[in-house]
Amino acid sequence: MTDRQPSLAYKTKQIIKKYEFDFKKNFGQNFLVDERVLDKIVASADITENDVVLEVGPGIGTLTQALAKKAKKVIAVEIDKTLIPILGELLADFDNIEIINEDILKVDINEIVAKNGGKPIKVVANLPYYITTPIIMNILEKRLPVESITVMIQKEVAYRMQAQPKSKEYGALSLIVQYYCTPYLVANVPQNCFMPRPNVDSAVIRLTTLEKPAVDAENTELLFHIIKTAFAQRRKTLLNCFFNCGGWDMSKEELTELINAAGYDEKVRGEALTLEDYAKITEVFENRQK
């Protein structure tokens, strides 16, 4: 009969007690304590011995260790300086982990890639929910050399990222994320899988970046402005959203002509249009400005 191994939750409690660690609400710290979810994250990230992994917010290094067993190298970026000595001790047996005490939004990912062979890296993280979207959009919009992003995020946000037209979750975030990558919902994760328990349920999502954007759009800034404007007043028609929130010095008649010229009824709502539809509308607006 083999000895039963202590649970991840138990080991986490022991580490917290040993180092007298206090959770900091301003950093959104919630440590994952469910081995099955941990395994799903690592498996869905598809880490190989040739991969360099960037982990955001390693906490006490639970996920870091699992990644290091699979990857060529793990670069763990942790903003909380009180966790750095804990990580240094708990990860001491690994020679393929680098710990950086910094805000991920201030880290030069291009430099990290250049120093580690130039091959696009994989990002894996249990992200603090207050900063989820800024981190992901920073990576995507700057077209950083990242092959995939596998993250634990708020369930509601994950569903919005992979939502399709005419669904209640579908919106500007869905379209902008899907412009850059292919989202895949890996698993839902209940609150009891964390310590301390968050106030919301979570989900693991994998975003596989596309070699080129999903649609051709010469003016990405205009495309995203049109998309955001179309959802600024979700219950209103595309025409009314454009007129009320677009910031264009045009009458309703002029806006109607442009929407019709792209092949759409001005009474359509933003939630009914695909990324390809928005690209067509953007092209018409772009030609008018020339």
# chains A, B, ... in the order shown; residues from 1 in each chain; ligands from 1

$ residues_around --residues "A:Leu273" --least-positions-apart "6" --cutoff "12 Å" --atoms "only C-alpha atoms" --output "ChimeraX atom specification"
/A:164-167,170-172,174-175,226-227,230-231,237-238,263-267,279-281

$ write_last_selection --atoms "N, CA and C atoms" --output "tab-separated table (two decimals), in the first residue's frame"
chain	number	residue	atom	x	y	z
A	164	GLN	N	-19.68	33.86	-30.65
A	164	GLN	CA	-20.01	33.99	-32.07
A	164	GLN	C	-21.18	34.98	-32.23
A	165	PRO	N	-21.39	35.50	-33.47
A	165	PRO	CA	-22.47	36.48	-33.71
A	165	PRO	C	-23.83	36.00	-33.21
A	166	LYS	N	-24.63	36.96	-32.78
A	166	LYS	CA	-26.00	36.77	-32.32
A	166	LYS	C	-26.11	36.11	-30.95
A	167	SER	N	-24.99	35.91	-30.28
A	167	SER	CA	-25.04	35.39	-28.91
A	167	SER	C	-24.91	36.55	-27.95
A	170	TYR	N	-21.36	37.89	-27.34
A	170	TYR	CA	-20.64	38.44	-28.49
A	170	TYR	C	-20.53	39.95	-28.40
A	171	GLY	N	-19.31	40.47	-28.63
A	171	GLY	CA	-19.12	41.91	-28.56
A	171	GLY	C	-17.78	42.31	-29.12
A	172	ALA	N	-17.37	43.54	-28.80
A	172	ALA	CA	-16.12	44.08	-29.34
A	172	ALA	C	-14.92	43.21	-28.97
A	174	SER	N	-14.82	39.99	-28.43
A	174	SER	CA	-14.86	38.78	-29.26
A	174	SER	C	-14.19	39.03	-30.60
A	175	LEU	N	-14.58	40.12	-31.25
A	175	LEU	CA	-14.10	40.43	-32.59
A	175	LEU	C	-12.63	40.80	-32.62
A	226	ILE	N	-14.68	51.21	-35.36
A	226	ILE	CA	-16.01	50.88	-35.88
A	226	ILE	C	-16.64	49.75	-35.06
A	227	ILE	N	-15.84	48.74	-34.75
A	227	ILE	CA	-16.34	47.62	-33.95
A	227	ILE	C	-16.79	48.10	-32.56
A	230	ALA	N	-19.97	50.11	-32.72
A	230	ALA	CA	-21.15	49.29	-33.01
A	230	ALA	C	-21.74	48.66	-31.75
A	231	PHE	N	-20.91	48.49	-30.71
A	231	PHE	CA	-21.38	47.88	-29.46
A	231	PHE	C	-21.48	48.89	-28.32
A	237	THR	N	-29.51	50.29	-33.17
A	237	THR	CA	-29.09	49.87	-34.52
A	237	THR	C	-27.70	50.38	-34.81
A	238	LEU	N	-27.09	49.80	-35.85
A	238	LEU	CA	-25.76	50.22	-36.25
A	238	LEU	C	-25.74	51.71	-36.59
A	263	GLY	N	-23.16	47.13	-48.17
A	263	GLY	CA	-24.04	46.00	-48.41
A	263	GLY	C	-24.92	45.62	-47.23
A	264	TYR	N	-25.11	46.57	-46.30
A	264	TYR	CA	-25.87	46.25	-45.09
A	264	TYR	C	-27.01	47.24	-44.85
A	265	ASP	N	-28.04	46.75	-44.20
A	265	ASP	CA	-29.17	47.59	-43.81
A	265	ASP	C	-28.74	48.41	-42.59
A	266	GLU	N	-29.06	49.69	-42.60
A	266	GLU	CA	-28.66	50.57	-41.50
A	266	GLU	C	-29.33	50.20	-40.18
A	267	LYS	N	-30.40	49.38	-40.23
A	267	LYS	CA	-31.11	48.99	-39.01
A	267	LYS	C	-30.53	47.73	-38.36
A	279	ALA	N	-15.00	44.37	-41.66
A	279	ALA	CA	-13.90	44.72	-42.56
A	279	ALA	C	-14.43	45.43	-43.81
A	280	LYS	N	-15.59	44.97	-44.32
A	280	LYS	CA	-16.20	45.60	-45.50
A	280	LYS	C	-16.65	47.03	-45.18
A	281	ILE	N	-17.27	47.20	-44.01
A	281	ILE	CA	-17.72	48.53	-43.60
A	281	ILE	C	-16.52	49.47	-43.42

$ select_by_dssp --residues "stretch 59-109 of chain A" --states "strand (DSSP E)" --output "NGL selection string"
:A and (73-78 or 97-101)

$ write_last_selection --atoms "N, CA and C atoms" --output "tab-separated table (two decimals), in the first residue's frame"
chain	number	residue	atom	x	y	z
A	73	LYS	N	12.60	26.04	-21.20
A	73	LYS	CA	12.84	27.07	-20.19
A	73	LYS	C	11.53	27.76	-19.83
A	74	VAL	N	11.41	28.16	-18.56
A	74	VAL	CA	10.26	28.92	-18.10
A	74	VAL	C	10.75	30.25	-17.54
A	75	ILE	N	10.19	31.34	-18.04
A	75	ILE	CA	10.51	32.67	-17.53
A	75	ILE	C	9.27	33.15	-16.78
A	76	ALA	N	9.39	33.23	-15.46
A	76	ALA	CA	8.25	33.57	-14.61
A	76	ALA	C	8.33	35.03	-14.18
A	77	VAL	N	7.31	35.81	-14.53
A	77	VAL	CA	7.28	37.23	-14.20
A	77	VAL	C	6.31	37.46	-13.05
A	78	GLU	N	6.84	37.89	-11.91
A	78	GLU	CA	6.03	38.09	-10.70
A	78	GLU	C	6.20	39.53	-10.20
A	97	ILE	N	14.49	27.59	-14.95
A	97	ILE	CA	13.50	28.62	-14.57
A	97	ILE	C	14.21	29.93	-14.28
A	98	GLU	N	13.72	31.00	-14.89
A	98	GLU	CA	14.23	32.35	-14.62
A	98	GLU	C	13.08	33.15	-14.01
A	99	ILE	N	13.35	33.80	-12.89
A	99	ILE	CA	12.33	34.60	-12.21
A	99	ILE	C	12.63	36.08	-12.40
A	100	ILE	N	11.63	36.82	-12.85
A	100	ILE	CA	11.77	38.27	-13.05
A	100	ILE	C	10.76	38.98	-12.16
A	101	ASN	N	11.25	39.86	-11.29
A	101	ASN	CA	10.37	40.64	-10.42
A	101	ASN	C	10.00	41.96	-11.12

$ residues_around --residues "A:Glu286" --least-positions-apart "6" --cutoff "10 Å" --atoms "only C-alpha atoms" --output "PyMOL selection string"
chain A and resi 217-219+222-223+280

$ write_last_selection --atoms "N, CA and C atoms" --output "compact mmCIF listing (two decimals), in the first residue's frame"
# COMPACT_ATOMS: atom_id res chain seq x y z
N ALA A 217 -7.44 44.28 -43.43
CA ALA A 217 -7.90 45.63 -43.10
C ALA A 217 -6.69 46.55 -43.09
N GLU A 218 -6.66 47.47 -44.04
CA GLU A 218 -5.52 48.39 -44.13
C GLU A 218 -5.43 49.27 -42.89
N ASN A 219 -6.57 49.66 -42.37
CA ASN A 219 -6.61 50.57 -41.23
C ASN A 219 -7.18 49.85 -40.01
N LEU A 222 -9.08 52.09 -37.48
CA LEU A 222 -10.45 52.40 -37.89
C LEU A 222 -11.37 51.19 -37.72
N LEU A 223 -10.88 50.01 -38.08
CA LEU A 223 -11.65 48.77 -37.91
C LEU A 223 -12.08 48.61 -36.46
N LYS A 280 -15.59 44.97 -44.32
CA LYS A 280 -16.20 45.60 -45.50
C LYS A 280 -16.65 47.03 -45.18

$ closest_residue --among "A:Gln191, A:Asn96, A:Thr48, A:Asn199" --to "A:Ala68" --atoms "only C-alpha atoms"
A:Asn96

$ closest_residue --among "A:Gly270, A:Pro213, A:Gly117, A:Pro198" --to "A:Lys72" --atoms "only C-alpha atoms"
A:Gly117

$ closest_residue --among "A:Ala158, A:Val107, A:Val177, A:Ile205" --to "A:Glu141" --atoms "only C-alpha atoms"
A:Val177

$ residues_around --residues "stretch 119-123 of chain A" --least-positions-apart "2" --cutoff "7 Å" --atoms "only C-alpha atoms" --output "NGL selection string"
:A and (51-55 or 113 or 117 or 125 or 145-150)

$ residues_around --residues "A:Met152" --least-positions-apart "6" --cutoff "7 Å" --atoms "only C-alpha atoms" --output "PyMOL selection string"
chain A and resi 125-127+202-205

$ closest_residue --among "A:Asn192, A:Asp93, A:Leu87, A:Ile135" --to "A:Lys106" --atoms "only C-alpha atoms"
A:Ile135

$ residues_around --residues "A:Leu105" --least-positions-apart "6" --cutoff "10 Å" --atoms "only C-alpha atoms" --output "list of chain:residue names"
A:Ile131, A:Pro134, A:Ile135, A:Ile136, A:Asn138, A:Ile139

$ atom_distance --atom1 "atom CA of A:Asp80" --atom2 "atom CA of A:Val56"
11.4 Å

$ closest_residue --among "A:Thr12, A:Thr132, A:Thr256, A:Asn110" --to "A:Gly57" --atoms "only C-alpha atoms"
A:Thr132

$ closest_residue --among "A:Phe194, A:Asp249, A:Gly59, A:Asp201" --to "A:Tyr10" --atoms "only C-alpha atoms"
A:Phe194

$ decode --residues "stretch 70-103 of chain A" --atoms "N, CA and C atoms" --output "compact mmCIF listing (two decimals), in the first residue's frame"
# COMPACT_ATOMS: atom_id res chain seq x y z
N LYS A 70 8.20 20.20 -18.50
CA LYS A 70 7.89 19.96 -19.92
C LYS A 70 8.72 20.84 -20.85
N ALA A 71 9.00 22.05 -20.43
CA ALA A 71 9.57 23.07 -21.32
C ALA A 71 11.09 23.10 -21.32
N LYS A 72 11.61 23.73 -22.35
CA LYS A 72 13.05 24.00 -22.41
C LYS A 72 13.43 25.01 -21.33
N LYS A 73 12.60 26.04 -21.20
CA LYS A 73 12.84 27.07 -20.19
C LYS A 73 11.53 27.76 -19.83
N VAL A 74 11.41 28.16 -18.56
CA VAL A 74 10.26 28.92 -18.10
C VAL A 74 10.75 30.25 -17.54
N ILE A 75 10.19 31.34 -18.04
CA ILE A 75 10.51 32.67 -17.53
C ILE A 75 9.27 33.15 -16.78
N ALA A 76 9.39 33.23 -15.46
CA ALA A 76 8.25 33.57 -14.61
C ALA A 76 8.33 35.03 -14.18
N VAL A 77 7.31 35.81 -14.53
CA VAL A 77 7.28 37.23 -14.20
C VAL A 77 6.31 37.46 -13.05
N GLU A 78 6.84 37.89 -11.91
CA GLU A 78 6.03 38.09 -10.70
C GLU A 78 6.20 39.53 -10.20
N ILE A 79 5.09 40.23 -10.04
CA ILE A 79 5.14 41.64 -9.62
C ILE A 79 5.34 41.79 -8.11
N ASP A 80 4.91 40.80 -7.32
CA ASP A 80 4.96 40.88 -5.86
C ASP A 80 6.36 40.49 -5.35
N LYS A 81 7.10 41.48 -4.87
CA LYS A 81 8.48 41.22 -4.44
C LYS A 81 8.56 40.28 -3.24
N THR A 82 7.50 40.20 -2.44
CA THR A 82 7.53 39.30 -1.27
C THR A 82 7.49 37.83 -1.69
N LEU A 83 7.07 37.56 -2.92
CA LEU A 83 7.04 36.17 -3.40
C LEU A 83 8.37 35.71 -4.00
N ILE A 84 9.24 36.64 -4.32
CA ILE A 84 10.49 36.29 -5.01
C ILE A 84 11.38 35.34 -4.19
N PRO A 85 11.65 35.61 -2.90
CA PRO A 85 12.45 34.64 -2.13
C PRO A 85 11.76 33.29 -1.95
N ILE A 86 10.43 33.30 -1.87
CA ILE A 86 9.68 32.04 -1.75
C ILE A 86 9.87 31.23 -3.03
N LEU A 87 9.70 31.89 -4.19
CA LEU A 87 9.89 31.21 -5.48
C LEU A 87 11.33 30.71 -5.61
N GLY A 88 12.28 31.53 -5.19
CA GLY A 88 13.69 31.15 -5.29
C GLY A 88 13.99 29.87 -4.54
N GLU A 89 13.37 29.73 -3.38
CA GLU A 89 13.61 28.52 -2.56
C GLU A 89 12.83 27.32 -3.10
N LEU A 90 11.57 27.51 -3.42
CA LEU A 90 10.72 26.41 -3.85
C LEU A 90 11.10 25.87 -5.24
N LEU A 91 11.72 26.72 -6.06
CA LEU A 91 12.08 26.31 -7.41
C LEU A 91 13.59 26.05 -7.56
N ALA A 92 14.27 25.96 -6.45
CA ALA A 92 15.74 25.84 -6.46
C ALA A 92 16.24 24.59 -7.18
N ASP A 93 15.44 23.55 -7.23
CA ASP A 93 15.87 22.29 -7.86
C ASP A 93 15.82 22.34 -9.38
N PHE A 94 15.24 23.39 -9.94
CA PHE A 94 15.12 23.51 -11.40
C PHE A 94 16.20 24.46 -11.93
N ASP A 95 16.85 24.04 -13.01
CA ASP A 95 17.88 24.89 -13.62
C ASP A 95 17.37 25.56 -14.90
N ASN A 96 16.08 25.38 -15.19
CA ASN A 96 15.52 25.96 -16.43
C ASN A 96 14.41 26.97 -16.13
N ILE A 97 14.49 27.59 -14.95
CA ILE A 97 13.50 28.62 -14.57
C ILE A 97 14.21 29.93 -14.28
N GLU A 98 13.72 31.00 -14.89
CA GLU A 98 14.23 32.35 -14.62
C GLU A 98 13.08 33.15 -14.01
N ILE A 99 13.35 33.80 -12.89
CA ILE A 99 12.33 34.60 -12.21
C ILE A 99 12.63 36.08 -12.40
N ILE A 100 11.63 36.82 -12.85
CA ILE A 100 11.77 38.27 -13.05
C ILE A 100 10.76 38.98 -12.16
N ASN A 101 11.25 39.86 -11.29
CA ASN A 101 10.37 40.64 -10.42
C ASN A 101 10.00 41.96 -11.12
N GLU A 102 8.87 41.93 -11.83
CA GLU A 102 8.49 43.08 -12.64
C GLU A 102 7.01 43.02 -12.99
N ASP A 103 6.47 44.16 -13.39
CA ASP A 103 5.11 44.26 -13.93
C ASP A 103 5.17 43.76 -15.37
